[in-house]
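Have a look at start-v1.txt below; it lists compact mmCIF, C-alpha atoms.
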```txt
# COMPACT_ATOMS: atom_id res chain seq x y z
CA MET L 21 95.82 69.36 150.03
CA THR L 22 97.02 71.81 152.71
CA GLN L 23 100.75 71.72 153.32
CA LYS L 24 102.21 71.93 156.79
CA PRO L 25 104.10 75.17 157.56
CA ILE L 26 107.85 74.76 157.78
CA PRO L 27 109.35 76.03 161.05
CA PRO L 28 112.27 78.48 160.74
CA ALA L 29 115.67 76.84 160.78
CA ARG L 30 117.91 77.32 163.81
CA PRO L 31 120.98 79.53 163.26
CA GLY L 32 123.74 77.47 161.72
CA ALA L 33 121.41 74.54 160.99
CA ALA L 34 121.05 72.98 157.57
CA PRO L 35 117.94 74.25 155.73
CA LEU L 36 114.92 71.97 155.98
CA ALA L 37 113.57 70.35 152.85
CA GLU L 38 110.08 71.46 151.90
CA LEU L 39 107.60 68.59 151.95
CA THR L 40 104.97 68.58 149.24
CA GLY L 41 101.98 66.45 148.36
CA ILE L 42 101.09 63.63 150.71
CA SER L 43 104.59 63.69 152.26
CA ALA L 44 103.58 66.93 154.03
CA SER L 45 101.11 64.86 156.07
CA PHE L 46 103.87 62.80 157.68
CA THR L 47 106.64 63.53 160.16
CA PRO L 48 110.26 62.88 159.11
CA LEU L 49 110.27 59.76 161.29
CA GLU L 50 107.10 58.51 159.61
CA LEU L 51 108.60 59.17 156.17
CA GLU L 52 111.61 57.10 157.20
CA GLY L 53 109.18 54.35 158.16
CA LEU L 54 107.41 54.57 154.82
CA VAL L 55 110.71 54.30 152.91
CA ARG L 56 111.64 51.21 154.92
CA THR L 57 108.14 49.79 154.43
CA ALA L 58 108.39 50.19 150.64
CA ALA L 59 111.85 48.58 150.56
CA GLU L 60 110.72 45.65 152.69
CA ALA L 61 107.51 45.17 150.70
CA VAL L 62 109.28 45.14 147.32
CA HIS L 63 112.60 43.47 148.10
CA GLY L 64 112.09 41.80 151.46
CA ASP L 65 109.41 39.74 153.16
CA PRO L 66 106.06 41.55 153.56
CA ASP L 67 105.26 39.21 156.47
CA ASP L 68 108.00 40.99 158.45
CA LEU L 69 106.16 44.33 158.28
CA SER L 70 104.95 45.59 161.64
CA THR L 71 101.46 46.80 162.46
CA ARG L 72 102.83 50.33 162.58
CA GLN L 73 104.23 49.96 159.05
CA TYR L 74 100.87 48.71 157.76
CA GLU L 75 99.20 51.67 159.46
CA LEU L 76 101.55 54.14 157.76
CA ALA L 77 101.01 52.48 154.39
CA ALA L 78 97.23 52.57 154.86
CA ARG L 79 97.36 56.28 155.68
CA ALA L 80 99.49 56.97 152.62
CA HIS L 81 97.15 54.98 150.38
CA ALA L 82 94.11 56.86 151.69
CA LEU L 83 95.87 60.19 151.10
CA MET L 84 96.79 59.13 147.56
CA ALA L 85 93.14 58.30 146.86
CA GLU L 86 92.07 61.66 148.27
CA GLU L 87 94.70 63.46 146.20
CA ALA L 88 93.60 61.68 143.02
CA GLU L 89 90.00 62.64 143.72
CA GLU L 90 90.96 66.29 144.26
CA GLN L 91 92.99 66.35 141.05
CA ALA L 92 90.07 64.87 139.10
CA ALA L 93 87.73 67.46 140.62
CA ASP L 94 90.13 70.29 139.72
CA ALA L 95 90.20 69.02 136.15
CA GLY L 96 86.42 68.88 136.05
CA GLU L 97 86.50 65.10 135.83
CA GLU L 98 84.67 62.61 137.99
CA SER L 99 86.49 59.33 138.47
CA PRO L 100 84.22 56.35 137.78
CA VAL L 101 85.87 54.37 140.59
CA VAL L 102 86.16 56.90 143.42
CA GLY L 103 83.83 54.90 145.63
CA TYR L 104 85.71 51.68 144.97
CA THR L 105 89.05 53.32 145.71
CA ARG L 106 87.73 54.73 148.96
CA MET L 107 86.29 51.36 149.89
CA LEU L 108 89.65 49.65 149.39
CA ALA L 109 91.41 52.34 151.43
CA LEU L 110 88.85 52.00 154.23
CA GLN L 111 89.13 48.21 154.19
CA GLU L 112 92.90 48.45 154.55
CA TRP L 113 92.53 51.03 157.31
CA LEU L 114 90.01 48.81 159.12
CA ARG L 115 92.29 45.77 158.81
CA VAL L 116 95.21 47.66 160.35
CA GLU L 117 93.05 49.09 163.13
CA ALA L 118 91.54 45.66 163.84
CA GLU L 119 95.01 44.14 164.19
CA ALA L 120 95.97 46.92 166.60
CA ALA L 121 92.77 46.34 168.58
CA ALA L 122 93.51 42.60 168.71
CA GLU L 123 96.94 43.33 170.17
CA GLU L 124 95.35 45.62 172.78
CA PHE L 125 92.82 42.90 173.64
CA THR L 126 95.60 40.33 173.97
CA ALA L 127 97.43 42.67 176.35
CA LEU L 128 94.22 43.01 178.37
CA LEU L 129 93.89 39.22 178.61
CA ARG L 130 97.48 38.96 179.82
CA VAL L 131 96.62 41.31 182.69
CA LEU L 132 93.51 39.31 183.56
CA PHE L 133 95.23 35.91 183.33
CA PRO L 134 98.96 36.36 183.98
CA HIS L 135 99.54 32.60 184.32
CA ALA L 136 97.76 31.64 181.10
CA ALA L 137 99.33 31.01 177.70
CA TYR L 138 96.13 30.82 175.64
CA VAL L 139 92.51 31.83 175.83
CA VAL L 140 90.43 29.11 174.20
CA LEU L 141 87.38 30.15 172.19
CA GLN L 142 84.21 28.17 171.67
CA VAL L 143 82.44 28.13 168.31
CA ARG L 144 78.75 28.96 168.50
CA GLY L 145 76.14 27.51 166.14
CA ASP L 146 76.24 30.66 163.98
CA ASP L 147 80.06 30.34 163.63
CA THR L 148 80.75 33.26 165.97
CA PHE L 149 83.14 32.79 168.86
CA MET L 150 82.85 33.16 172.61
CA VAL L 151 85.49 32.84 175.33
CA ASP L 152 85.62 29.40 176.93
CA ARG L 153 88.64 29.04 179.20
CA ALA L 154 92.17 30.32 179.85
CA VAL L 155 94.84 27.64 179.89
CA THR L 156 98.56 27.21 180.45
CA ALA L 157 100.95 25.93 177.78
CA ASP L 158 100.29 22.35 178.91
CA GLY L 159 96.51 22.77 178.86
CA THR L 160 95.86 23.30 182.56
CA THR L 161 92.80 25.49 183.01
CA VAL L 162 93.51 28.61 185.07
CA HIS L 163 90.12 30.22 184.50
CA ASP L 164 86.75 28.98 183.31
CA PHE L 165 84.64 31.74 181.83
CA ASP L 166 81.53 30.43 183.58
CA GLU L 167 83.15 32.04 186.64
CA PRO L 168 83.38 35.80 187.32
CA LEU L 169 86.35 37.61 185.79
CA PRO L 170 89.24 38.79 187.92
CA ALA L 171 89.06 42.47 188.81
CA LEU L 172 90.71 44.85 186.36
CA PRO L 173 92.89 47.74 187.52
CA GLU L 174 90.70 50.85 187.60
CA ASP L 175 92.71 52.76 185.00
CA LEU L 176 92.61 49.83 182.56
CA ALA L 177 88.87 49.32 183.08
CA ARG L 178 88.19 52.99 182.36
CA ALA L 179 90.47 52.86 179.29
CA TRP L 180 88.13 50.16 177.94
CA GLY L 181 85.14 52.39 178.72
CA LYS L 182 83.90 50.41 181.71
CA ASP L 183 83.08 51.18 185.31
CA PRO L 184 85.65 49.19 187.36
CA ARG L 185 82.74 47.63 189.27
CA CYS L 186 81.34 46.09 186.07
CA GLU L 187 82.71 43.16 184.11
CA LEU L 188 83.93 43.57 180.56
CA ASP L 189 81.91 41.67 177.98
CA LEU L 190 84.76 39.67 176.47
CA ASP L 191 82.42 37.76 174.16
CA HIS L 192 81.29 41.06 172.65
CA ILE L 193 84.89 42.19 172.07
CA VAL L 194 85.79 38.86 170.44
CA GLY L 195 82.71 39.19 168.21
CA GLU L 196 83.66 42.72 167.17
CA LEU L 197 87.20 41.61 166.31
CA GLN L 198 85.89 38.66 164.32
CA ALA L 199 83.46 40.92 162.43
CA ALA L 200 86.35 43.27 161.61
CA GLY L 201 88.26 40.41 159.98
CA VAL L 202 90.59 39.32 162.78
CA THR L 203 91.43 35.62 162.51
CA PHE L 204 92.30 33.39 165.44
CA GLY L 205 94.89 30.65 165.41
CA SER L 206 94.22 27.05 166.40
CA LEU L 207 95.11 25.87 169.90
CA PRO L 208 98.34 23.81 169.86
CA GLU L 209 97.87 20.12 170.58
CA THR L 210 100.09 20.40 173.66
CA ALA L 211 97.63 22.86 175.20
CA ARG L 212 94.49 20.84 174.42
CA ASP L 213 92.41 18.96 176.91
CA LEU L 214 91.76 15.83 174.89
CA ASP L 215 88.78 15.01 177.11
CA VAL L 216 87.17 18.14 175.69
CA ASP L 217 89.04 19.08 172.52
CA ASP L 218 89.51 17.01 169.39
CA ARG L 219 93.18 16.34 168.69
CA TYR L 220 93.00 17.47 165.06
CA GLU L 221 90.06 19.86 164.59
CA TYR L 222 90.33 23.64 164.54
CA VAL L 223 90.09 24.97 168.08
CA PRO L 224 90.18 28.78 167.89
CA SER L 225 92.30 30.46 170.52
CA ILE L 226 94.17 33.63 171.36
CA ASP L 227 97.90 33.21 171.90
CA LEU L 228 98.87 35.46 174.82
CA GLY L 229 102.51 35.43 173.77
CA THR L 230 103.78 34.15 177.11
CA VAL L 231 105.33 30.92 175.78
CA ALA L 232 109.00 31.28 174.82
```
Spell out the structure here as structure tokens.
Amino acid sequence: MTQKPIPPARPGAAPLAELTGISASFTPLELEGLVRTAAEAVHGDPDDLSTRQYELAARAHALMAEEAEEQAADAGEESPVVGYTRMLALQEWLRVEAEAAAEEFTALLRVLFPHAAYVVLQVRGDDTFMVDRAVTADGTTVHDFDEPLPALPEDLARAWGKDPRCELDLDHIVGELQAAGVTFGSLPETARDLDVDDRYEYVPSIDLGTVA
């Protein structure tokens, strides 16, 4: 594994520690994050870890698998579980990236529907989801997805790879997130339209994070 070159120290500055192994692939700030991630995972509550911390841990795990593979190759040995180790590392990486993508999608929905608290999803016959309506915290519909979407700012549309004159395919994005393992919470009873929604069944939705 190639190590990063160490820049010369400034006159009068304390000498920099030389990073070796997988630590050379991280910045000092990222290493601080990894130390805190390890402490929280072992002695704290793993549920409190941020998406960024999961991303750092996934990178470290993938580098460890790569390092182990290189060491086995140098020793003339072929690990019998290299493929499995890579698969686990890729699954963890995909999970972290999917969570980040879900947060980006939620931010996009907040721009489209600034007065909504939830986007309600409809379950298709094949158990995939499609967008149904955007509602307030008390269940008032502010947008029905049978209607055209509000216009996106040009820079945001282009960031999502779309011509500003064309609508985003929100159903496709929801499907991609679902396929990547993203799970969706159930719509709170207070936001349900009981003429449409069952009071107790699972109604998938995306919480836009606008309710205090």
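Take CA of Asp227 in chain L and CA of Ala136 in chain L: the distance between them is 9.3 Å.
Counting only C-alpha atoms, the residue from L:Val162, L:Arg72, L:Ser45, L:His81 that sits nearest to Thr57 in chain L is L:Arg72.
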May I have the residues within 12 Å of Phe46 in chain L as a ChimeraX atom specification, using only C-alpha atoms and disregarding those fewer than 6 positions away in the same chain? /L:23-24,39-40,52-55,76-77,79-80,83
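Residue nearest Val102 in chain L, chosen from L:Ala85, L:Thr161, L:Glu187, L:Ala177 and counting all atoms listed in the file: L:Ala85.
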Within 10 Å of (83.2, 30.8, 165.4) (file coordinates; only C-alpha atoms), which protein or nucleic acid residues are there? I'd like them as a CSV table (one decimal) with C-alpha atoms, in the frame of the given file.
```csv
chain,number,residue,atom,x,y,z
L,141,LEU,CA,87.4,30.2,172.2
L,142,GLN,CA,84.2,28.2,171.7
L,143,VAL,CA,82.4,28.1,168.3
L,144,ARG,CA,78.8,29.0,168.5
L,145,GLY,CA,76.1,27.5,166.1
L,146,ASP,CA,76.2,30.7,164.0
L,147,ASP,CA,80.1,30.3,163.6
L,148,THR,CA,80.8,33.3,166.0
L,149,PHE,CA,83.1,32.8,168.9
L,150,MET,CA,82.8,33.2,172.6
L,194,VAL,CA,85.8,38.9,170.4
L,195,GLY,CA,82.7,39.2,168.2
L,198,GLN,CA,85.9,38.7,164.3
L,203,THR,CA,91.4,35.6,162.5
L,204,PHE,CA,92.3,33.4,165.4
L,223,VAL,CA,90.1,25.0,168.1
L,224,PRO,CA,90.2,28.8,167.9
```
So the first atom is CA of Ala44 in chain L and the second is CA of Ala121 in chain L; what is the distance between them in Å, to one decimal place? 27.4 Å
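Pairwise distance (CA of Val139 in chain L, CA of Ser70 in chain L) equals 23.4 Å.
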Restrict the output to range 167-192 of chain L and N, CA, C and O atoms, then write it as a PDB file, in the first residue's frame.
```pdb
ATOM      1  N   GLU L 167     -50.186  15.336 -10.176  1.00  0.00           N
ATOM      2  CA  GLU L 167     -49.997  16.667 -10.750  1.00  0.00           C
ATOM      3  C   GLU L 167     -48.522  16.881 -11.088  1.00  0.00           C
ATOM      4  O   GLU L 167     -47.633  16.211 -10.531  1.00  0.00           O
ATOM      5  N   PRO L 168     -48.218  17.816 -11.993  1.00  0.00           N
ATOM      6  CA  PRO L 168     -46.815  18.104 -12.325  1.00  0.00           C
ATOM      7  C   PRO L 168     -46.043  18.571 -11.101  1.00  0.00           C
ATOM      8  O   PRO L 168     -46.596  19.192 -10.184  1.00  0.00           O
ATOM      9  N   LEU L 169     -44.746  18.277 -11.077  1.00  0.00           N
ATOM     10  CA  LEU L 169     -43.899  18.702  -9.970  1.00  0.00           C
ATOM     11  C   LEU L 169     -43.620  20.191 -10.051  1.00  0.00           C
ATOM     12  O   LEU L 169     -43.581  20.770 -11.150  1.00  0.00           O
ATOM     13  N   PRO L 170     -43.390  20.825  -8.904  1.00  0.00           N
ATOM     14  CA  PRO L 170     -42.899  22.206  -8.941  1.00  0.00           C
ATOM     15  C   PRO L 170     -41.549  22.271  -9.649  1.00  0.00           C
ATOM     16  O   PRO L 170     -40.805  21.280  -9.687  1.00  0.00           O
ATOM     17  N   ALA L 171     -41.242  23.414 -10.210  1.00  0.00           N
ATOM     18  CA  ALA L 171     -39.967  23.578 -10.910  1.00  0.00           C
ATOM     19  C   ALA L 171     -38.817  23.558  -9.909  1.00  0.00           C
ATOM     20  O   ALA L 171     -38.911  24.119  -8.815  1.00  0.00           O
ATOM     21  N   LEU L 172     -37.740  22.894 -10.294  1.00  0.00           N
ATOM     22  CA  LEU L 172     -36.531  22.859  -9.479  1.00  0.00           C
ATOM     23  C   LEU L 172     -35.616  24.006  -9.875  1.00  0.00           C
ATOM     24  O   LEU L 172     -35.564  24.375 -11.054  1.00  0.00           O
ATOM     25  N   PRO L 173     -34.869  24.570  -8.926  1.00  0.00           N
ATOM     26  CA  PRO L 173     -33.815  25.514  -9.314  1.00  0.00           C
ATOM     27  C   PRO L 173     -32.867  24.865 -10.310  1.00  0.00           C
ATOM     28  O   PRO L 173     -32.569  23.668 -10.207  1.00  0.00           O
ATOM     29  N   GLU L 174     -32.397  25.644 -11.277  1.00  0.00           N
ATOM     30  CA  GLU L 174     -31.597  25.074 -12.367  1.00  0.00           C
ATOM     31  C   GLU L 174     -30.360  24.342 -11.854  1.00  0.00           C
ATOM     32  O   GLU L 174     -30.035  23.251 -12.324  1.00  0.00           O
ATOM     33  N   ASP L 175     -29.665  24.950 -10.869  1.00  0.00           N
ATOM     34  CA  ASP L 175     -28.436  24.312 -10.395  1.00  0.00           C
ATOM     35  C   ASP L 175     -28.726  22.980  -9.720  1.00  0.00           C
ATOM     36  O   ASP L 175     -27.967  22.004  -9.859  1.00  0.00           O
ATOM     37  N   LEU L 176     -29.854  22.890  -9.001  1.00  0.00           N
ATOM     38  CA  LEU L 176     -30.200  21.643  -8.325  1.00  0.00           C
ATOM     39  C   LEU L 176     -30.626  20.587  -9.337  1.00  0.00           C
ATOM     40  O   LEU L 176     -30.268  19.407  -9.207  1.00  0.00           O
ATOM     41  N   ALA L 177     -31.367  21.005 -10.367  1.00  0.00           N
ATOM     42  CA  ALA L 177     -31.771  20.056 -11.407  1.00  0.00           C
ATOM     43  C   ALA L 177     -30.550  19.471 -12.102  1.00  0.00           C
ATOM     44  O   ALA L 177     -30.460  18.257 -12.329  1.00  0.00           O
ATOM     45  N   ARG L 178     -29.589  20.314 -12.423  1.00  0.00           N
ATOM     46  CA  ARG L 178     -28.391  19.832 -13.116  1.00  0.00           C
ATOM     47  C   ARG L 178     -27.545  18.957 -12.188  1.00  0.00           C
ATOM     48  O   ARG L 178     -26.894  18.006 -12.639  1.00  0.00           O
ATOM     49  N   ALA L 179     -27.552  19.254 -10.874  1.00  0.00           N
ATOM     50  CA  ALA L 179     -26.818  18.420  -9.926  1.00  0.00           C
ATOM     51  C   ALA L 179     -27.386  17.000  -9.903  1.00  0.00           C
ATOM     52  O   ALA L 179     -26.650  16.035  -9.664  1.00  0.00           O
ATOM     53  N   TRP L 180     -28.692  16.870 -10.186  1.00  0.00           N
ATOM     54  CA  TRP L 180     -29.324  15.552 -10.235  1.00  0.00           C
ATOM     55  C   TRP L 180     -29.312  14.988 -11.650  1.00  0.00           C
ATOM     56  O   TRP L 180     -29.980  13.991 -11.936  1.00  0.00           O
ATOM     57  N   GLY L 181     -28.545  15.636 -12.537  1.00  0.00           N
ATOM     58  CA  GLY L 181     -28.354  15.106 -13.885  1.00  0.00           C
ATOM     59  C   GLY L 181     -29.528  15.299 -14.804  1.00  0.00           C
ATOM     60  O   GLY L 181     -29.723  14.517 -15.743  1.00  0.00           O
ATOM     61  N   LYS L 182     -30.333  16.352 -14.550  1.00  0.00           N
ATOM     62  CA  LYS L 182     -31.523  16.576 -15.350  1.00  0.00           C
ATOM     63  C   LYS L 182     -31.505  17.948 -15.996  1.00  0.00           C
ATOM     64  O   LYS L 182     -30.992  18.923 -15.429  1.00  0.00           O
ATOM     65  N   ASP L 183     -32.091  18.022 -17.190  1.00  0.00           N
ATOM     66  CA  ASP L 183     -32.359  19.314 -17.814  1.00  0.00           C
ATOM     67  C   ASP L 183     -33.437  19.996 -16.985  1.00  0.00           C
ATOM     68  O   ASP L 183     -34.462  19.368 -16.649  1.00  0.00           O
ATOM     69  N   PRO L 184     -33.252  21.267 -16.598  1.00  0.00           N
ATOM     70  CA  PRO L 184     -34.251  21.949 -15.767  1.00  0.00           C
ATOM     71  C   PRO L 184     -35.655  21.955 -16.362  1.00  0.00           C
ATOM     72  O   PRO L 184     -36.640  22.132 -15.652  1.00  0.00           O
ATOM     73  N   ARG L 185     -35.752  21.752 -17.677  1.00  0.00           N
ATOM     74  CA  ARG L 185     -37.067  21.744 -18.320  1.00  0.00           C
ATOM     75  C   ARG L 185     -37.768  20.401 -18.181  1.00  0.00           C
ATOM     76  O   ARG L 185     -38.950  20.274 -18.522  1.00  0.00           O
ATOM     77  N   CYS L 186     -37.059  19.394 -17.679  1.00  0.00           N
ATOM     78  CA  CYS L 186     -37.632  18.051 -17.547  1.00  0.00           C
ATOM     79  C   CYS L 186     -37.870  17.721 -16.077  1.00  0.00           C
ATOM     80  O   CYS L 186     -37.118  18.147 -15.206  1.00  0.00           O
ATOM     81  N   GLU L 187     -38.908  16.946 -15.825  1.00  0.00           N
ATOM     82  CA  GLU L 187     -39.209  16.533 -14.459  1.00  0.00           C
ATOM     83  C   GLU L 187     -38.286  15.399 -14.022  1.00  0.00           C
ATOM     84  O   GLU L 187     -37.912  14.540 -14.817  1.00  0.00           O
ATOM     85  N   LEU L 188     -37.931  15.425 -12.738  1.00  0.00           N
ATOM     86  CA  LEU L 188     -37.236  14.285 -12.157  1.00  0.00           C
ATOM     87  C   LEU L 188     -38.196  13.111 -12.022  1.00  0.00           C
ATOM     88  O   LEU L 188     -39.376  13.295 -11.728  1.00  0.00           O
ATOM     89  N   ASP L 189     -37.696  11.915 -12.216  1.00  0.00           N
ATOM     90  CA  ASP L 189     -38.497  10.711 -12.008  1.00  0.00           C
ATOM     91  C   ASP L 189     -38.323  10.282 -10.556  1.00  0.00           C
ATOM     92  O   ASP L 189     -37.436   9.495 -10.225  1.00  0.00           O
ATOM     93  N   LEU L 190     -39.166  10.807  -9.685  1.00  0.00           N
ATOM     94  CA  LEU L 190     -39.036  10.524  -8.253  1.00  0.00           C
ATOM     95  C   LEU L 190     -39.297   9.053  -7.945  1.00  0.00           C
ATOM     96  O   LEU L 190     -38.677   8.485  -7.044  1.00  0.00           O
ATOM     97  N   ASP L 191     -40.217   8.433  -8.693  1.00  0.00           N
ATOM     98  CA  ASP L 191     -40.482   7.008  -8.469  1.00  0.00           C
ATOM     99  C   ASP L 191     -39.229   6.179  -8.730  1.00  0.00           C
ATOM    100  O   ASP L 191     -38.934   5.222  -7.995  1.00  0.00           O
ATOM    101  N   HIS L 192     -38.486   6.553  -9.760  1.00  0.00           N
ATOM    102  CA  HIS L 192     -37.259   5.818 -10.079  1.00  0.00           C
ATOM    103  C   HIS L 192     -36.241   5.962  -8.951  1.00  0.00           C
ATOM    104  O   HIS L 192     -35.592   4.981  -8.559  1.00  0.00           O
TER     105      HIS L 192
END
```
